[in-house]
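Engineer: entry_37.txt (compact mmCIF, C-alpha atoms) pasted underneath:
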```
# COMPACT_ATOMS: atom_id res chain seq x y z
CA MET B 1 -44.58 -71.18 291.06
CA PRO B 2 -45.83 -70.49 287.50
CA SER B 3 -47.03 -73.52 285.55
CA LEU B 4 -45.39 -74.71 282.37
CA ILE B 5 -46.28 -73.03 279.09
CA LYS B 6 -48.27 -75.59 277.12
CA ASN B 7 -48.72 -75.68 273.36
CA ARG B 8 -50.03 -78.24 270.90
CA ILE B 9 -46.67 -78.17 269.08
CA PHE B 10 -44.07 -79.91 271.27
CA GLY B 11 -41.20 -77.87 269.83
CA LEU B 12 -42.90 -74.63 270.89
CA THR B 13 -43.66 -76.02 274.34
CA LEU B 14 -40.02 -76.90 274.90
CA THR B 15 -38.52 -73.71 273.48
CA LEU B 16 -40.99 -71.30 275.08
CA ASN B 17 -40.33 -72.80 278.51
CA THR B 18 -36.57 -72.75 277.97
CA LEU B 19 -36.58 -69.08 276.99
CA SER B 20 -38.95 -68.17 279.82
CA TRP B 21 -36.62 -69.79 282.38
CA ALA B 22 -33.85 -67.60 281.00
CA GLY B 23 -36.05 -64.53 281.42
CA LEU B 24 -36.14 -63.79 277.69
CA ILE B 25 -39.91 -64.37 277.39
CA LEU B 26 -42.43 -63.40 280.10
CA ARG B 27 -45.29 -65.72 281.01
CA ASP B 28 -48.87 -64.46 281.05
CA ASP B 29 -49.42 -65.62 284.65
CA TYR B 30 -46.56 -63.58 286.16
CA THR B 31 -47.50 -61.00 288.79
CA LYS B 32 -46.32 -57.41 288.42
CA THR B 33 -43.42 -58.01 290.84
CA GLN B 34 -42.42 -61.24 289.09
CA ARG B 35 -42.43 -59.49 285.72
CA ILE B 36 -40.06 -56.81 287.00
CA ILE B 37 -37.72 -59.42 288.51
CA MET B 38 -37.74 -61.55 285.35
CA LYS B 39 -37.11 -58.49 283.14
CA VAL B 40 -34.02 -57.64 285.21
CA TYR B 41 -32.90 -61.27 285.18
CA GLY B 42 -33.45 -61.59 281.43
CA GLY B 43 -31.57 -58.34 280.83
CA LEU B 44 -28.57 -59.63 282.79
CA VAL B 45 -28.63 -62.92 280.86
CA PHE B 46 -28.74 -61.02 277.57
CA LEU B 47 -25.90 -58.70 278.63
CA TYR B 48 -23.63 -61.58 279.62
CA LEU B 49 -24.34 -64.03 276.80
CA PHE B 50 -24.59 -61.55 273.95
CA VAL B 51 -23.47 -57.98 274.65
CA PHE B 52 -20.33 -58.78 276.69
CA THR B 53 -19.30 -61.55 274.31
CA ALA B 54 -19.76 -59.29 271.27
CA TYR B 55 -17.62 -56.65 272.99
CA VAL B 56 -14.84 -59.20 273.55
CA GLN B 57 -14.92 -60.32 269.92
CA ILE B 58 -14.86 -56.73 268.61
CA ALA B 59 -11.87 -55.93 270.83
CA ASP B 60 -10.14 -59.07 269.59
CA LEU B 61 -10.89 -58.09 265.98
CA VAL B 62 -9.24 -54.69 266.51
CA VAL B 63 -6.11 -56.30 267.96
CA ILE B 64 -5.66 -58.79 265.10
CA TRP B 65 -6.68 -56.40 262.32
CA GLY B 66 -4.77 -57.17 259.13
CA ASN B 67 -4.36 -60.90 259.71
CA ILE B 68 -6.93 -62.43 257.33
CA ASP B 69 -6.80 -65.91 258.91
CA PHE B 70 -7.39 -64.69 262.47
CA MET B 71 -9.95 -62.11 261.32
CA THR B 72 -12.09 -64.75 259.61
CA GLU B 73 -12.12 -66.88 262.76
CA THR B 74 -13.09 -63.97 265.01
CA SER B 75 -15.63 -62.61 262.50
CA LEU B 76 -17.31 -66.02 262.39
CA ILE B 77 -18.08 -65.92 266.13
CA LEU B 78 -18.86 -62.19 266.16
CA PHE B 79 -21.39 -62.22 263.33
CA MET B 80 -23.08 -65.37 264.60
CA GLN B 81 -23.36 -63.61 267.95
CA LEU B 82 -24.92 -60.56 266.30
CA ALA B 83 -27.49 -62.71 264.49
CA VAL B 84 -28.55 -64.49 267.68
CA SER B 85 -28.59 -61.19 269.59
CA ALA B 86 -30.93 -59.60 267.04
CA LYS B 87 -33.38 -62.49 267.21
CA VAL B 88 -33.30 -62.76 271.01
CA LEU B 89 -33.70 -59.00 271.42
CA THR B 90 -36.71 -59.11 269.08
CA LEU B 91 -38.30 -61.83 271.21
CA MET B 92 -37.64 -59.86 274.39
CA LEU B 93 -39.13 -56.63 273.04
CA LYS B 94 -42.09 -58.27 271.26
CA SER B 95 -42.69 -61.19 273.63
CA LYS B 96 -46.21 -60.05 274.57
CA LYS B 97 -47.37 -59.76 270.96
CA ILE B 98 -45.65 -63.00 269.94
CA MET B 99 -47.30 -64.86 272.82
CA GLU B 100 -50.69 -63.46 271.75
CA VAL B 101 -50.18 -64.81 268.22
CA THR B 102 -48.95 -68.14 269.62
CA ASN B 103 -51.89 -68.53 272.04
CA GLU B 104 -54.45 -67.64 269.36
CA ALA B 105 -52.96 -70.13 266.91
CA ASP B 106 -52.84 -72.83 269.60
CA ALA B 107 -56.52 -72.30 270.40
CA ILE B 108 -57.48 -72.55 266.70
CA LEU B 109 -55.43 -75.70 266.10
CA ASN B 110 -56.84 -77.35 269.23
CA SER B 111 -60.41 -76.60 268.09
CA GLU B 112 -59.95 -78.33 264.72
CA LYS B 113 -61.93 -81.59 264.73
CA LYS B 114 -62.04 -82.69 261.07
CA VAL B 115 -59.86 -85.70 260.24
CA GLU B 116 -58.26 -84.00 257.24
CA GLY B 117 -57.68 -80.89 259.31
CA GLN B 118 -55.93 -82.95 261.98
CA ARG B 119 -53.71 -84.41 259.25
CA ILE B 120 -52.74 -80.90 258.13
CA ILE B 121 -51.80 -79.88 261.69
CA ALA B 122 -49.68 -82.98 262.28
CA ARG B 123 -47.47 -82.33 259.35
CA TYR B 124 -34.43 -74.45 267.57
CA PRO B 125 -10.16 -57.16 280.13
CA PHE B 126 -7.09 -59.52 280.47
CA ASN B 127 -4.46 -61.13 278.31
CA GLU B 128 -6.00 -64.29 276.92
CA LEU B 129 -2.63 -65.46 275.55
CA LYS B 130 -1.15 -66.18 278.98
CA SER B 131 -2.26 -68.17 282.00
CA PRO B 132 -4.66 -67.93 283.73
CA GLY B 133 -6.32 -65.67 281.16
CA ARG B 134 -5.95 -68.24 278.41
CA GLU B 135 -7.74 -70.93 280.43
CA PHE B 136 -10.46 -68.51 281.49
CA ALA B 137 -10.99 -67.38 277.89
CA PHE B 138 -11.21 -70.99 276.72
CA VAL B 139 -13.80 -71.89 279.37
CA HIS B 140 -15.74 -68.70 278.66
CA GLN B 141 -15.81 -69.40 274.92
CA CYS B 142 -17.02 -72.96 275.53
CA ILE B 143 -19.81 -71.75 277.82
CA VAL B 144 -20.84 -69.04 275.37
CA VAL B 145 -20.88 -71.40 272.39
CA ILE B 146 -23.02 -73.94 274.27
CA PHE B 147 -25.52 -71.42 275.61
CA THR B 148 -25.58 -69.29 272.47
CA GLY B 149 -26.13 -72.36 270.32
CA SER B 150 -28.93 -73.48 272.64
CA PHE B 151 -30.62 -70.08 272.55
CA ASP B 152 -30.16 -69.80 268.79
CA PHE B 153 -31.73 -73.22 268.31
CA ASN B 154 -34.69 -72.34 270.56
CA VAL B 155 -35.27 -68.98 268.88
CA ASP B 156 -35.11 -70.54 265.41
CA ILE B 157 -37.61 -73.20 266.48
CA ILE B 158 -40.01 -70.49 267.67
CA ILE B 159 -39.73 -68.50 264.44
CA ILE B 160 -40.09 -71.54 262.19
CA SER B 161 -42.97 -72.93 264.29
CA LEU B 162 -44.86 -69.63 264.21
CA VAL B 163 -44.61 -69.49 260.42
CA ALA B 164 -45.59 -73.17 260.15
CA VAL B 165 -48.63 -72.58 262.37
CA CYS B 166 -49.75 -69.70 260.13
CA ARG B 167 -49.32 -71.99 257.15
CA CYS B 168 -51.50 -74.61 258.87
CA ARG B 169 -54.21 -72.02 259.53
CA LEU B 170 -54.25 -71.00 255.87
CA LYS B 171 -54.46 -74.64 254.78
CA LEU B 172 -57.43 -75.13 257.14
CA VAL B 173 -59.14 -72.16 255.50
CA ALA B 174 -58.56 -73.78 252.09
CA LEU B 175 -59.96 -77.07 253.44
CA SER B 176 -63.09 -75.30 254.70
CA LEU B 177 -63.63 -73.74 251.26
CA ARG B 178 -63.31 -77.11 249.52
CA ASN B 179 -65.87 -78.57 251.97
CA LEU B 180 -68.23 -75.59 251.72
CA CYS B 181 -71.09 -77.68 250.31
CA LEU B 182 -69.90 -81.09 251.50
CA ASP B 183 -73.06 -82.20 253.39
CA ILE B 184 -75.60 -80.24 251.35
CA PRO B 185 -77.50 -82.46 248.86
CA MET B 186 -78.10 -80.94 245.44
CA ASN B 187 -81.54 -81.10 243.80
CA LYS B 188 -82.21 -82.08 240.24
CA ARG B 189 -81.69 -78.55 239.01
CA ASN B 190 -78.28 -78.56 240.68
CA LEU B 191 -79.13 -75.42 242.67
CA ILE B 192 -79.28 -74.69 246.39
CA THR B 193 -82.47 -73.84 248.29
CA SER B 194 -82.99 -70.70 250.40
CA ASP B 195 -82.33 -72.64 253.64
CA GLU B 196 -79.13 -74.08 252.22
CA GLU B 197 -78.11 -70.58 251.13
CA LYS B 198 -78.36 -69.40 254.75
CA VAL B 199 -76.16 -72.28 255.92
CA ILE B 200 -73.53 -71.60 253.26
CA THR B 201 -73.63 -67.85 253.97
CA GLU B 202 -72.87 -68.50 257.64
CA ARG B 203 -70.04 -70.85 256.69
CA LEU B 204 -68.57 -68.25 254.38
CA ARG B 205 -68.69 -65.68 257.18
CA ASN B 206 -66.68 -68.02 259.40
CA ILE B 207 -64.22 -68.77 256.59
CA ILE B 208 -63.69 -65.07 255.87
CA SER B 209 -63.12 -64.44 259.58
CA GLN B 210 -60.61 -67.31 259.81
CA HIS B 211 -58.85 -66.11 256.65
CA LYS B 212 -58.53 -62.55 257.96
CA ARG B 213 -57.24 -63.68 261.36
CA ALA B 214 -54.68 -66.00 259.73
CA LEU B 215 -53.47 -63.21 257.45
CA ASP B 216 -53.28 -60.81 260.40
CA ALA B 217 -51.19 -63.34 262.33
CA ALA B 218 -48.85 -63.81 259.35
CA GLU B 219 -48.53 -60.05 258.95
CA ALA B 220 -47.77 -59.65 262.66
CA ILE B 221 -45.04 -62.30 262.50
CA LYS B 222 -43.54 -60.62 259.42
CA HIS B 223 -43.62 -57.23 261.15
CA TYR B 224 -42.09 -58.41 264.44
CA LEU B 225 -39.38 -60.66 262.98
CA SER B 226 -38.47 -58.83 259.78
CA GLY B 227 -35.52 -56.90 261.27
CA ALA B 228 -34.06 -59.93 263.02
CA LEU B 229 -34.33 -62.03 259.86
CA LEU B 230 -32.53 -59.33 257.87
CA VAL B 231 -29.64 -59.43 260.34
CA GLN B 232 -29.69 -63.24 260.15
CA LEU B 233 -29.40 -63.22 256.35
CA MET B 234 -26.56 -60.70 256.32
CA VAL B 235 -24.70 -62.58 259.02
CA SER B 236 -25.29 -65.91 257.28
CA ILE B 237 -23.57 -64.61 254.14
CA VAL B 238 -20.52 -63.63 256.23
CA VAL B 239 -20.50 -66.94 258.14
CA ILE B 240 -20.81 -69.07 255.00
CA CYS B 241 -18.08 -67.01 253.33
CA THR B 242 -15.64 -67.22 256.28
CA THR B 243 -16.21 -70.92 256.96
CA ALA B 244 -15.70 -71.73 253.27
CA TYR B 245 -12.47 -69.72 253.41
CA GLN B 246 -11.31 -71.64 256.48
CA LEU B 247 -11.96 -74.94 254.75
CA ALA B 248 -10.48 -74.04 251.36
CA VAL B 249 -7.50 -71.85 252.19
CA LYS B 250 -6.30 -72.26 255.75
CA LYS B 251 -4.41 -75.40 256.73
CA SER B 252 -6.36 -76.88 259.64
CA THR B 253 -6.47 -80.07 261.64
CA THR B 254 -9.13 -82.66 260.98
CA MET B 255 -11.13 -81.53 264.02
CA GLN B 256 -10.99 -77.88 262.94
CA SER B 257 -12.07 -78.82 259.43
CA LEU B 258 -15.00 -80.83 260.78
CA THR B 259 -15.98 -77.92 263.03
CA MET B 260 -15.90 -75.46 260.13
CA ALA B 261 -17.86 -77.89 257.96
CA GLY B 262 -20.44 -78.16 260.74
CA TYR B 263 -20.73 -74.36 260.92
CA LEU B 264 -21.11 -74.17 257.14
CA PHE B 265 -23.79 -76.86 257.03
CA GLY B 266 -25.65 -75.50 260.08
CA THR B 267 -25.77 -71.92 258.80
CA SER B 268 -26.83 -73.00 255.31
CA LEU B 269 -29.54 -75.22 256.80
CA GLU B 270 -30.76 -72.39 259.06
CA VAL B 271 -31.20 -70.03 256.11
CA PHE B 272 -32.80 -72.80 254.06
CA LEU B 273 -35.41 -73.49 256.75
CA PHE B 274 -36.43 -69.83 256.90
CA CYS B 275 -36.67 -69.62 253.12
CA TYR B 276 -38.47 -72.98 252.94
CA GLN B 277 -41.13 -71.87 255.43
CA GLY B 278 -41.49 -68.54 253.62
CA GLU B 279 -41.96 -70.33 250.29
CA PHE B 280 -44.69 -72.62 251.61
CA LEU B 281 -46.39 -69.81 253.54
CA ARG B 282 -46.82 -67.99 250.23
CA GLU B 283 -48.02 -71.16 248.47
CA SER B 284 -50.52 -71.93 251.25
CA SER B 285 -51.88 -68.40 250.98
CA GLU B 286 -52.26 -68.63 247.20
CA GLU B 287 -53.85 -72.08 247.53
CA ILE B 288 -56.99 -70.46 248.97
CA ALA B 289 -57.90 -69.06 245.55
CA ASP B 290 -57.69 -72.55 244.04
CA ALA B 291 -59.74 -73.98 246.91
CA ALA B 292 -62.50 -71.41 246.33
CA TYR B 293 -62.63 -72.40 242.65
CA GLU B 294 -62.72 -76.14 243.52
CA CYS B 295 -65.89 -75.83 245.59
CA PRO B 296 -69.23 -76.17 243.68
CA TRP B 297 -69.55 -72.42 243.11
CA TYR B 298 -71.79 -72.95 240.08
CA THR B 299 -74.61 -74.09 242.40
CA LEU B 300 -74.49 -70.92 244.51
CA THR B 301 -76.50 -67.75 244.21
CA ARG B 302 -75.06 -64.57 242.72
CA PRO B 303 -74.27 -62.91 246.13
CA LEU B 304 -72.40 -66.03 247.27
CA LYS B 305 -70.46 -66.16 244.00
CA LYS B 306 -69.43 -62.53 244.51
CA THR B 307 -68.26 -63.37 248.02
CA LEU B 308 -66.14 -66.24 246.68
CA LEU B 309 -64.72 -63.92 244.03
CA ILE B 310 -63.68 -61.45 246.74
CA ILE B 311 -61.91 -64.27 248.65
CA MET B 312 -60.11 -65.34 245.47
CA THR B 313 -59.07 -61.75 244.74
CA ARG B 314 -57.66 -61.31 248.24
CA ALA B 315 -55.71 -64.56 247.89
CA GLN B 316 -53.88 -63.04 244.90
CA ARG B 317 -51.91 -60.96 247.45
CA PRO B 318 -50.33 -63.83 249.38
CA ALA B 319 -48.86 -63.72 252.87
CA THR B 320 -45.07 -63.67 252.77
CA LEU B 321 -42.12 -63.78 255.14
CA THR B 322 -39.69 -60.93 254.57
CA ALA B 323 -36.33 -59.79 255.89
CA GLY B 324 -36.20 -56.05 256.50
CA GLY B 325 -39.46 -55.58 254.63
CA PHE B 326 -37.92 -55.77 251.16
CA VAL B 327 -36.36 -59.24 250.82
CA THR B 328 -38.95 -62.00 250.42
CA LEU B 329 -37.78 -65.29 251.89
CA ASP B 330 -38.30 -68.12 249.44
CA ILE B 331 -36.25 -70.75 247.62
CA THR B 332 -35.20 -68.24 244.96
CA GLU B 333 -33.82 -65.92 247.64
CA TYR B 334 -31.98 -68.84 249.23
CA MET B 335 -30.17 -69.50 245.96
CA ALA B 336 -29.32 -65.77 245.73
CA ILE B 337 -27.84 -65.86 249.25
CA MET B 338 -25.69 -68.87 248.41
CA LYS B 339 -24.47 -67.18 245.21
CA ALA B 340 -23.61 -63.99 247.11
CA SER B 341 -21.71 -66.00 249.73
CA TYR B 342 -19.70 -67.73 247.03
CA SER B 343 -18.90 -64.38 245.38
CA PHE B 344 -17.60 -62.95 248.65
CA PHE B 345 -15.61 -66.14 249.23
CA THR B 346 -13.82 -65.81 245.90
CA VAL B 347 -12.97 -62.17 246.65
CA LEU B 348 -11.60 -63.12 250.07
CA GLN B 349 -9.61 -65.96 248.50
CA GLN B 350 -8.04 -63.60 245.96
CA VAL B 351 -7.13 -61.08 248.69
CA SER B 352 -5.45 -63.84 250.68
CA GLU B 353 -3.41 -64.97 247.69
```
Could you quickly redo this structure as structure tokens?
Structural biologist:
Amino acid sequence: MPSLIKNRIFGLTLTLNTLSWAGLILRDDYTKTQRIIMKVYGGLVFLYLFVFTAYVQIADLVVIWGNIDFMTETSLILFMQLAVSAKVLTLMLKSKKIMEVTNEADAILNSEKKVEGQRIIARYPFNELKSPGREFAFVHQCIVVIFTGSFDFNVDIIIISLVAVCRCRLKLVALSLRNLCLDIPMNKRNLITSDEEKVITERLRNIISQHKRALDAAEAIKHYLSGALLVQLMVSIVVICTTAYQLAVKKSTTMQSLTMAGYLFGTSLEVFLFCYQGEFLRESSEEIADAAYECPWYTLTRPLKKTLLIIMTRAQRPATLTAGGFVTLDITEYMAIMKASYSFFTVLQQVSE
């Protein structure tokens, strides 16, 4: 029996194991036969929880076409399903590459021994209107909501954790630059000796290597998850719009209103977390230029100063998290998404009236 997937970050340990048990992520220690079996199993899980459910919602949307109230309810489930499906499908297709990035980051974080570095690291085909179809549809919807919500939570935790780990790696690079000459005593002329120059040169080589690997990991995450995040943003606008419509226009019971409010808050929070991580990934990347300037560069030789200048120049092109390759996720984009959702809500409200 394969062992548990272990990671320094508890959230990643929990979510990676959950998704691997569902067959949506393949472990590195699987044999060839086990990989084939788990691929088939994961495909069946994906078909049932996502493809079949989306088909049911689309068919329901066709039947009730023209009824704005019913259409908003069905669209809410359908578009949330599409968002989760896009993210899960991305993990299934890119699981090998994502696990490589995760394992590399885990090894780097585990090797960090400095106290300040540890502090940085510490910082989810029947009539459903009549019995027994109605009861079956109700049970099916409950099961789908529970499992879909669980998978959506796990996938979001993986995405957010991967971005946070890249941010940690960039902060460790900045810390190494600030401590470049930490244990090297300066002479009266405030210059380094030839032996000290060799030590600093070797440190700079390691820093440049760490910087490049961190940027490559951030670029890989952006490349693999960009499409899924674009679907998530588009779906989030629809979900926020429809839930706001349900709360403001449709007369609902207290429980229904609380449910819609929960959907609205959860979707808004989900988008905020992606944009928040994207914002701080960019800031952590740009921070490296400041860290290079904060080290005692004035004591270094001309070749070392040129090397620091190259690092600072590269940091001017920060790592970012994008959706579809053209929408940069940050706090500004989050505000734009909320404004767009409100605009669509007002249009929908006017159509209803």
Engineer: Near region 23-37 of chain B, counting all atoms listed in the file, which residues have an atom at most 9 Å away, once you skip same-chain residues fewer than 4 positions from it, shown as a list of chain:residue names?
Structural biologist: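 Here the answer would be B:Pro2, B:Ser3, B:Ile5, B:Leu16, B:Asn17, B:Thr18, B:Leu19, B:Tyr41, B:Gly42, B:Gly43, B:Val45, B:Phe46, B:Val88, B:Leu89, B:Leu91, B:Met92, B:Leu93, B:Lys94, B:Ser95, B:Lys96, B:Met99.
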Engineer: Measuring atom to atom with only C-alpha atoms, identify which of B:Glu270, B:Asp216, B:Glu100, B:Glu116 is nearest to Thr320 (chain B).
Structural biologist: B:Asp216
Engineer: The residues within 12 Å of (-33.5, -59.6, 258.4), using all atoms listed in the file and the coordinates of the file, should be reported as a PyMOL selection string; which are they?
Structural biologist: chain B and resi 82-84+86-87+90+222-237+271+274-275+321-329
Engineer: Grab the residues selected above and save them as a compact mmCIF listing (two decimals), keeping the file's coordinate frame with C-alpha atoms.
Structural biologist:
```
# COMPACT_ATOMS: atom_id res chain seq x y z
CA LEU B 82 -24.92 -60.56 266.30
CA ALA B 83 -27.49 -62.71 264.49
CA VAL B 84 -28.55 -64.49 267.68
CA ALA B 86 -30.93 -59.60 267.04
CA LYS B 87 -33.38 -62.49 267.21
CA THR B 90 -36.71 -59.11 269.08
CA LYS B 222 -43.54 -60.62 259.42
CA HIS B 223 -43.62 -57.23 261.15
CA TYR B 224 -42.09 -58.41 264.44
CA LEU B 225 -39.38 -60.66 262.98
CA SER B 226 -38.47 -58.83 259.78
CA GLY B 227 -35.52 -56.90 261.27
CA ALA B 228 -34.06 -59.93 263.02
CA LEU B 229 -34.33 -62.03 259.86
CA LEU B 230 -32.53 -59.33 257.87
CA VAL B 231 -29.64 -59.43 260.34
CA GLN B 232 -29.69 -63.24 260.15
CA LEU B 233 -29.40 -63.22 256.35
CA MET B 234 -26.56 -60.70 256.32
CA VAL B 235 -24.70 -62.58 259.02
CA SER B 236 -25.29 -65.91 257.28
CA ILE B 237 -23.57 -64.61 254.14
CA VAL B 271 -31.20 -70.03 256.11
CA PHE B 274 -36.43 -69.83 256.90
CA CYS B 275 -36.67 -69.62 253.12
CA LEU B 321 -42.12 -63.78 255.14
CA THR B 322 -39.69 -60.93 254.57
CA ALA B 323 -36.33 -59.79 255.89
CA GLY B 324 -36.20 -56.05 256.50
CA GLY B 325 -39.46 -55.58 254.63
CA PHE B 326 -37.92 -55.77 251.16
CA VAL B 327 -36.36 -59.24 250.82
CA THR B 328 -38.95 -62.00 250.42
CA LEU B 329 -37.78 -65.29 251.89
```
Engineer: Might you pull out every residue within 9 Å of Leu162 (chain B), with only C-alpha atoms counted and same-chain residues fewer than 5 positions away left off, and present them as a PyMOL selection string?
Structural biologist: chain B and resi 12+98+101-102+105+157+167+218+221
Engineer: Any idea what the distance is between CA of Leu109 (chain B) and CA of Thr313 (chain B)?
Structural biologist: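 Rounded to one decimal, the two atoms are 25.8 Å apart.
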Engineer: Mind pulling up the distance from CA of Leu177 (chain B) to CA of Thr299 (chain B)?
Structural biologist: 14.1 Å
Engineer: So what do you get for CA of Arg314 (chain B) versus CA of Asp290 (chain B), distance-wise?
Structural biologist: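 Distance between the two atoms: 12.0 Å.
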Engineer: When you count only C-alpha atoms, which of these residues is closest to Glu104 (chain B): B:Ile331, B:Ala261, B:Ala214, B:Ile337?
Structural biologist: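 Among the listed residues, the smallest separation from Glu104 (chain B) belongs to B:Ala214.
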Engineer: May I ask which of the residues B:Ser161, B:Thr259, B:Gln246, B:Ser343 is the closest one to Leu273 (chain B), counting all atoms listed in the file?
Structural biologist: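 So, comparing all the options, the nearest one is B:Ser161.
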Engineer: Please provide the set of residues having any atom within 9 Å of Phe344 (chain B), restricted to only C-alpha atoms, with same-chain residues fewer than 6 positions apart removed, written as a ChimeraX atom specification.
Structural biologist: /B:237-238,241-242
